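Q: Coordinates in start28.txt, compact mmCIF, C-alpha atoms, are listed below.
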# COMPACT_ATOMS: atom_id res chain seq x y z
CA MET A 437 86.19 105.70 96.27
CA THR A 438 85.00 103.43 93.47
CA ASP A 439 81.32 104.41 93.81
CA LEU A 440 81.71 108.21 93.57
CA THR A 441 80.25 110.36 90.78
CA LEU A 442 82.25 112.11 88.06
CA ILE A 443 81.68 115.50 89.72
CA GLN A 444 83.07 114.14 93.00
CA TYR A 445 86.17 112.84 91.22
CA VAL A 446 86.75 116.23 89.56
CA LEU A 447 86.38 118.05 92.88
CA ILE A 448 88.75 115.61 94.61
CA GLY A 449 91.33 116.15 91.85
CA LEU A 450 91.15 119.94 92.24
CA ILE A 451 91.44 119.67 96.02
CA PHE A 452 94.57 117.55 95.65
CA VAL A 453 96.08 120.21 93.38
CA TRP A 454 95.42 122.63 96.26
CA SER A 455 96.92 120.13 98.73
CA GLY A 456 100.17 119.94 96.76
CA PHE A 457 100.30 123.72 96.44
CA VAL A 458 99.97 124.51 100.16
CA ARG A 459 102.33 121.70 101.22
CA SER A 460 105.25 122.90 99.09
CA GLY A 461 104.35 126.59 99.39
CA LEU A 462 103.99 126.74 103.17
CA GLY A 463 105.85 123.63 104.36
CA PHE A 464 102.66 122.35 106.00
CA GLY A 465 98.93 122.26 105.31
CA GLY A 466 98.62 119.38 102.85
CA ALA A 467 96.13 117.81 105.24
CA VAL A 468 94.80 120.58 107.49
CA LEU A 469 94.02 122.90 104.57
CA SER A 470 92.53 120.27 102.27
CA LEU A 471 90.84 117.65 104.47
CA PRO A 472 87.78 119.83 105.30
CA PHE A 473 87.10 120.27 101.57
CA LEU A 474 87.56 116.55 100.92
CA LEU A 475 85.15 115.62 103.72
CA LEU A 476 82.46 117.77 102.11
CA VAL A 477 82.84 115.68 98.95
CA HIS A 478 82.90 112.33 100.77
CA ASP A 479 82.53 112.17 104.55
CA ASP A 480 85.08 109.51 105.50
CA PRO A 481 88.58 110.56 106.70
CA LEU A 482 90.02 107.06 106.30
CA VAL A 483 89.40 107.24 102.54
CA PHE A 484 91.57 110.33 102.09
CA LEU A 485 94.21 110.12 104.83
CA PRO A 486 96.17 107.26 103.17
CA LEU A 487 96.25 109.26 99.92
CA ILE A 488 97.41 112.45 101.66
CA ALA A 489 99.98 110.47 103.65
CA ALA A 490 101.47 108.80 100.56
CA HIS A 491 101.76 112.12 98.73
CA LEU A 492 103.44 113.72 101.74
CA LEU A 493 105.97 110.89 102.01
CA LEU A 494 106.89 111.25 98.33
CA PHE A 495 107.06 115.02 97.96
CA SER A 496 108.58 115.85 101.35
CA SER A 497 111.46 113.41 100.84
CA LEU A 498 111.98 114.55 97.24
CA THR A 499 112.04 118.24 98.20
CA VAL A 500 114.50 117.75 101.07
CA PHE A 501 116.76 115.57 98.92
CA LEU A 502 116.89 118.08 96.07
CA ASN A 503 117.40 121.04 98.42
CA ASN A 504 120.29 119.33 100.20
CA ARG A 505 121.96 118.44 96.91
CA THR A 506 122.17 122.17 96.12
CA SER A 507 122.83 123.33 99.69
CA THR A 508 125.87 125.56 100.23
CA ARG A 509 126.09 124.59 103.92
CA PRO A 510 126.56 120.82 104.14
CA ALA A 511 128.78 121.17 107.19
CA GLU A 512 125.89 122.78 109.08
CA GLY A 513 123.51 119.89 108.44
CA GLY A 514 122.26 121.14 105.12
CA THR A 515 118.70 122.47 105.11
CA VAL A 516 117.53 120.47 108.15
CA ASP A 517 117.99 121.26 111.87
CA TRP A 518 118.62 117.67 112.97
CA ARG A 519 119.20 118.53 116.63
CA TYR A 520 115.86 120.20 117.22
CA LEU A 521 114.13 117.64 115.00
CA GLY A 522 115.29 114.89 117.37
CA HIS A 523 113.97 116.84 120.35
CA MET A 524 110.52 117.27 118.77
CA LEU A 525 110.27 113.59 117.88
CA ALA A 526 111.20 112.55 121.42
CA VAL A 527 108.40 114.71 122.90
CA MET A 528 105.77 113.79 120.30
CA MET A 529 106.21 110.06 119.83
CA VAL A 530 103.98 108.69 122.62
CA PRO A 531 101.09 111.16 122.00
CA LYS A 532 101.40 110.38 118.28
CA LEU A 533 100.90 106.65 118.87
CA ILE A 534 97.93 107.32 121.16
CA GLY A 535 96.39 109.50 118.45
CA VAL A 536 96.84 106.81 115.80
CA PHE A 537 94.95 104.37 118.02
CA GLY A 538 92.14 106.91 118.44
CA LEU A 539 91.78 107.35 114.68
CA LEU A 540 91.44 103.63 114.12
CA THR A 541 88.74 103.20 116.77
CA LEU A 542 86.49 106.28 116.52
CA PRO A 543 83.49 106.25 114.13
CA ALA A 544 83.92 108.23 110.89
CA ASN A 545 81.27 110.85 111.80
CA VAL A 546 82.88 111.50 115.20
CA MET A 547 86.32 111.83 113.61
CA SER A 548 84.96 114.20 110.95
CA MET A 549 83.38 116.39 113.63
CA ILE A 550 86.64 116.54 115.60
CA ILE A 551 88.53 117.52 112.43
CA PHE A 552 86.08 120.30 111.58
CA VAL A 553 86.24 121.71 115.14
CA ILE A 554 90.06 121.72 115.15
CA VAL A 555 90.26 123.34 111.72
CA SER A 556 87.73 126.01 112.80
CA GLY A 557 90.06 126.94 115.65
CA TYR A 558 93.00 127.22 113.26
CA ALA A 559 90.87 129.29 110.85
CA VAL A 560 89.97 131.84 113.54
CA SER A 561 93.65 132.25 114.44
CA TYR A 562 94.43 132.96 110.76
CA ILE A 563 91.57 135.48 110.45
CA LEU A 564 92.66 137.39 113.57
CA ASN A 565 96.32 137.17 112.52
CA ARG A 566 97.00 135.63 115.91
CA PRO A 567 98.58 132.25 115.15
CA PHE A 568 99.40 129.95 118.02
CA ARG A 569 102.51 131.08 119.86
CA SER A 570 104.62 129.46 122.54
CA ASN A 571 106.68 131.52 124.98
CA SER A 572 107.88 128.98 127.54
CA ARG A 573 109.51 125.56 127.68
CA ALA A 574 106.42 124.05 129.35
CA LEU A 575 104.12 125.47 126.65
CA ASP A 576 106.52 124.21 123.98
CA THR A 577 106.17 120.69 125.37
CA LEU A 578 102.38 120.98 125.67
CA PHE A 579 102.00 122.22 122.07
CA LEU A 580 104.27 119.47 120.73
CA MET A 581 102.37 116.77 122.64
CA LEU A 582 98.98 118.08 121.49
CA GLY A 583 100.29 118.47 117.95
CA GLY A 584 101.59 114.91 118.00
CA TYR A 585 98.26 113.56 119.26
CA ILE A 586 96.21 115.51 116.70
CA SER A 587 98.65 114.45 113.97
CA GLY A 588 98.07 110.87 115.05
CA THR A 589 94.30 111.19 114.78
CA SER A 590 94.01 113.18 111.57
CA LEU A 591 97.35 114.56 110.27
CA ILE A 592 96.26 118.14 111.09
CA GLY A 593 98.47 118.98 114.08
CA ALA A 594 100.85 121.16 112.04
CA PRO A 595 99.86 124.65 113.35
CA LEU A 596 100.57 123.66 116.97
CA ILE A 597 103.89 122.05 116.03
CA ILE A 598 104.92 125.03 113.92
CA ALA A 599 104.12 127.37 116.83
CA VAL A 600 107.10 125.75 118.57
CA ALA A 601 109.40 124.94 115.66
CA ALA A 602 109.27 128.44 114.17
CA GLN A 603 110.82 129.87 117.35
CA HIS A 604 113.70 127.40 117.54
CA VAL A 605 114.59 126.64 113.90
CA ALA A 606 116.17 129.14 111.49
CA LYS A 607 113.77 130.43 108.84
CA ASP A 608 115.77 129.00 105.96
CA LYS A 609 115.78 125.54 107.59
CA LEU A 610 112.20 125.52 108.88
CA ARG A 611 110.37 124.07 105.87
CA ASP A 612 112.77 121.17 105.27
CA THR A 613 113.00 120.39 109.00
CA LEU A 614 109.21 120.19 109.08
CA PHE A 615 109.20 118.02 105.96
CA VAL A 616 111.48 115.47 107.64
CA LEU A 617 109.29 115.58 110.77
CA TRP A 618 106.13 115.02 108.71
CA PHE A 619 107.85 112.14 106.91
CA VAL A 620 108.59 110.31 110.17
CA LEU A 621 105.13 110.96 111.67
CA VAL A 622 103.29 109.98 108.51
CA ALA A 623 105.40 106.83 108.07
CA ILE A 624 104.15 105.71 111.49
CA LYS A 625 100.55 106.33 110.46
CA MET A 626 100.97 104.50 107.16
CA ALA A 627 102.43 101.52 109.01
CA ALA A 628 99.36 101.53 111.26
CA PHE A 629 97.06 101.68 108.22
CA ILE A 630 98.81 98.68 106.66
CA TRP A 631 98.81 96.76 109.95
CA VAL A 632 95.04 97.02 110.46
CA GLY A 633 94.18 96.55 106.80
CA VAL A 634 92.96 100.04 105.85
CA ASP A 635 92.38 100.41 102.10
CA LEU A 636 95.30 102.54 100.82
CA GLN A 637 93.36 103.48 97.65
CA LEU A 638 96.39 102.52 95.55
CA ILE A 639 94.59 102.64 92.19
CA HIS A 640 93.63 106.29 92.76
CA HIS A 641 97.28 107.35 93.08
CA LEU A 642 97.57 106.91 89.31
CA TRP A 643 95.38 109.93 88.58
CA LEU A 644 95.79 111.92 91.81
CA LEU A 645 99.60 111.98 91.71
CA PRO A 646 99.70 114.24 88.61
CA CYS A 647 97.19 116.57 90.31
CA VAL A 648 99.38 116.87 93.39
CA THR A 649 102.49 117.34 91.22
CA VAL A 650 100.95 120.35 89.47
CA GLY A 651 100.10 121.93 92.82
CA HIS A 652 103.55 121.09 94.19
CA LEU A 653 105.36 122.86 91.34
CA ILE A 654 103.19 125.97 91.70
CA GLY A 655 103.74 125.92 95.46
CA LEU A 656 107.52 125.87 95.10
CA ARG A 657 107.39 129.17 93.21
CA PHE A 658 104.93 130.61 95.72
CA HIS A 659 107.25 129.67 98.61
CA ASN A 660 110.11 131.73 97.17
CA HIS A 661 107.76 134.69 96.69
CA MET A 662 106.33 134.37 100.20
CA LEU A 663 109.77 134.45 101.86
CA ALA A 664 110.23 137.97 100.51
CA ASP A 665 106.68 139.24 101.00
CA ASP A 666 103.96 139.72 103.63
CA SER A 667 101.50 136.84 103.51
CA GLY A 668 99.06 138.22 106.10
CA ARG A 669 96.29 138.85 103.57
CA PHE A 670 96.67 135.34 102.13
CA PHE A 671 96.21 133.75 105.56
CA ARG A 672 93.16 135.91 106.40
CA VAL A 673 91.40 134.88 103.20
CA LEU A 674 92.44 131.30 103.84
CA GLY A 675 91.06 131.49 107.38
CA LEU A 676 87.69 132.80 106.21
CA THR A 677 87.47 130.03 103.62
CA LEU A 678 88.38 127.32 106.12
CA LEU A 679 85.94 128.63 108.71
CA THR A 680 83.11 128.65 106.17
CA VAL A 681 83.89 125.14 104.94
CA SER A 682 84.31 123.76 108.48
CA SER A 683 81.03 125.33 109.61
CA ILE A 684 79.20 123.75 106.67
CA GLY A 685 80.89 120.44 107.40
CA LEU A 686 79.94 120.53 111.08
CA LEU A 687 76.32 121.30 110.18
CA LYS A 688 76.29 118.43 107.69
CA VAL A 689 77.69 115.95 110.24
CA LEU A 690 75.18 117.05 112.91
CA LEU A 691 72.24 116.77 110.48
CA ASP A 692 73.36 113.29 109.42
CA TRP A 693 73.91 112.10 113.01
Rewrite the structure of this file - the entire thing - as C-alpha cells.
A:
Amino acid sequence: MTDLTLIQYVLIGLIFVWSGFVRSGLGFGGAVLSLPFLLLVHDDPLVFLPLIAAHLLLFSSLTVFLNNRTSTRPAEGGTVDWRYLGHMLAVMMVPKLIGVFGLLTLPANVMSMIIFVIVSGYAVSYILNRPFRSNSRALDTLFLMLGGYISGTSLIGAPLIIAVAAQHVAKDKLRDTLFVLWFVLVAIKMAAFIWVGVDLQLIHHLWLLPCVTVGHLIGLRFHNHMLADDSGRFFRVLGLTLLTVSSIGLLKVLLDW
C-alpha cells in the first residue's frame, strides 16, 4: 500500500470507517460489506484481508469482553452460546483450512472475481428480502461447511453461517456468539498469513485503527436501534449498493484479464 495516491488513501480510510460500523452494528459484514469497495480502490485482496482480520480480532474480543462484564446472566454463559459455537467450529474447521489454502494459491484477479460473484449473490438476497435460510439439519451442515470454506478464502462467508446460527442461537446472544466464532476463524487465517510471509501492512494500522474505531462506536449505537426496529429498508439499499459495486468490479477484472 506504500505506492497508492492520496485519494486512494482517503477512500480506504472511509471504507474502513464503514467496515467498523457494519461489524459492530450487525455482528458481521466487516469484510463482506467492505471488501468489494476496497478492491475497486486497489485490486488485491491480500493487501486488505490482513488489515480487516486484525481489526476483527481486536474489536470482536473487546466487544464480547465488555458485554460479558456487564452481563446479568453469567450462570447462563454470559452473552455467548458456547455449546452451539463448539458445534459450528467442529463442522467448519476442515473446510476453513481448505479455503485458506485456496486463498494463498489462487491469483489475485481470480480471487477478486470469486469475491465479487459471491457478494453479488448476497446482494440479490438482500434486495429481494430473501436472505439465506436453512430448514434442515443436512442444510445446516452444508451452509456451515460452505461458509467455512468461503471464510477461509476471503472472510466473506458470514451470510451462510448466520443463516444457520440465527435459527439456533437466542437473538440477544447471536452477535457475541458470532464475534467469538469470527475471532477463532480469523486467528487461523492470520496464522496462515504469518506462516507464508504475507505482508500484514502493520504500519497502516496506525492510521486505519482510528477510522475503524469511529465506525465501531457509531455501529454500537445503530445495533441497539436496529434490535427495536425493522431494518428491511436498510438491507435493500445495502443490497443495491453492493450489487452495483460488485458488477463494476467484475467488469473491471474481466477487462484487465
Q: Set the distance at 8 Å and use all atoms listed in the file: which residues neighbour range 688-691 of chain A once local chain neighbours fewer than 5 positions away are removed? I'd like the list as a ChimeraX atom specification.
A: /A:545,548-549
Q: Could you give me, as a VMD selection string, the residues within 12 Å of Trp454 in chain A, counting all atoms listed in the file and dropping anything in the same chain fewer than 4 positions from it?
A: chain A and resid 447 to 450 458 to 462 465 to 471 473 to 474 488 644 647 to 655 674
Q: Show me, as a ChimeraX atom specification, the residues that have an atom within 7 Å of Thr515 in chain A when counting only C-alpha atoms, minus same-chain residues fewer than 4 positions from it.
A: /A:503-504,507,609,612
Q: Please provide as a list in words all residues within 8 Å of range 565-581 of chain A, with the sequence filter that same-chain residues fewer than 5 positions apart are discarded (counting all atoms listed in the file).
A: Met524, Val527, Met528, Pro531, Lys532, Tyr558, Pro595, Leu596, Ile597, Ala599, Val600, Gly668, Phe671 and Arg672 of chain A
Q: Using only C-alpha atoms, which residue out of A:Leu676, A:Leu440, A:Ile624, A:Leu687 lies closest to Gly557 in chain A?
A: A:Leu676
Q: Find, counting all atoms listed in the file, the residue in A:Phe452, A:Phe537, A:Trp518, A:Phe615 that gets nearest to Ala628 in chain A.
A: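 Looking at the shortest contact to Ala628 in chain A, the residue is A:Phe537.
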Q: Could you list, as a list in words, every residue within 9 Å of Leu614 in chain A, counting all atoms listed in the file and ignoring same-chain residues fewer than 4 positions away?
A: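 Selected residues are Gly463, Phe464, Ser496, Val516, Leu521, Ala594, Ile597, Ile598, Ala601, Lys609, Leu610, Trp618 and Phe619 of chain A.
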Q: Figure out the distance between CA of Leu642 in chain A and CA of Leu617 in chain A, please, to one decimal in Å.
A: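 Answer for the CA of Leu617 in chain A to CA of Leu642 in chain A separation: 25.9 Å.
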Q: Rounded to one decimal in Å, what is the spacing between CA of Thr589 in chain A and CA of Gly538 in chain A?
A: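 It comes out at 6.0 Å.
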Q: Return the single residue from A:Phe552, A:Val560, A:Val536, A:Leu542 that is closest to Ser587 in chain A, with distances computed using only C-alpha atoms.
A: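 Nearest candidate to Ser587 in chain A out of A:Phe552, A:Val560, A:Val536, A:Leu542: A:Val536.
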Q: How many Å lie between CA of Ile443 in chain A and CA of Ile554 in chain A, rounded to one decimal?
A: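 Atom-to-atom, CA of Ile443 in chain A to CA of Ile554 in chain A, that is 27.5 Å.
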Q: My list of candidates is A:Ile630, A:Leu492, A:Leu638, A:Leu621. Which is closest to Tyr585 in chain A when distances are computed with all atoms listed in the file?
A: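 The shortest atom-to-atom distance to Tyr585 in chain A comes from A:Leu621.
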Q: Taking only C-alpha atoms into account, name the residue in A:Gly583, A:Ala602, A:Ile451, A:Leu482 that is nearest to Thr541 in chain A.
A: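 Of the candidates, the smallest distance to Thr541 in chain A is held by A:Leu482.
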Q: Identify which of the residues A:Ala623, A:Ile639, A:Met437, A:Leu442 lies closest to Leu533 in chain A, counting all atoms listed in the file when measuring atom-to-atom distances.
A: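 Of A:Ala623, A:Ile639, A:Met437, A:Leu442, the one nearest Leu533 in chain A is A:Ala623, counting all atoms listed in the file.
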Q: Report as AutoDock Vina command-line options the centre and the edge lengths, in Å to one decimal, of the axis-aligned box holding every listed atom of range 622-638 of chain A, padded by 4 Å on each side.
A:
--center_x 98.9 --center_y 103.3 --center_z 103.5 --size_x 21.0 --size_y 21.4 --size_z 23.9
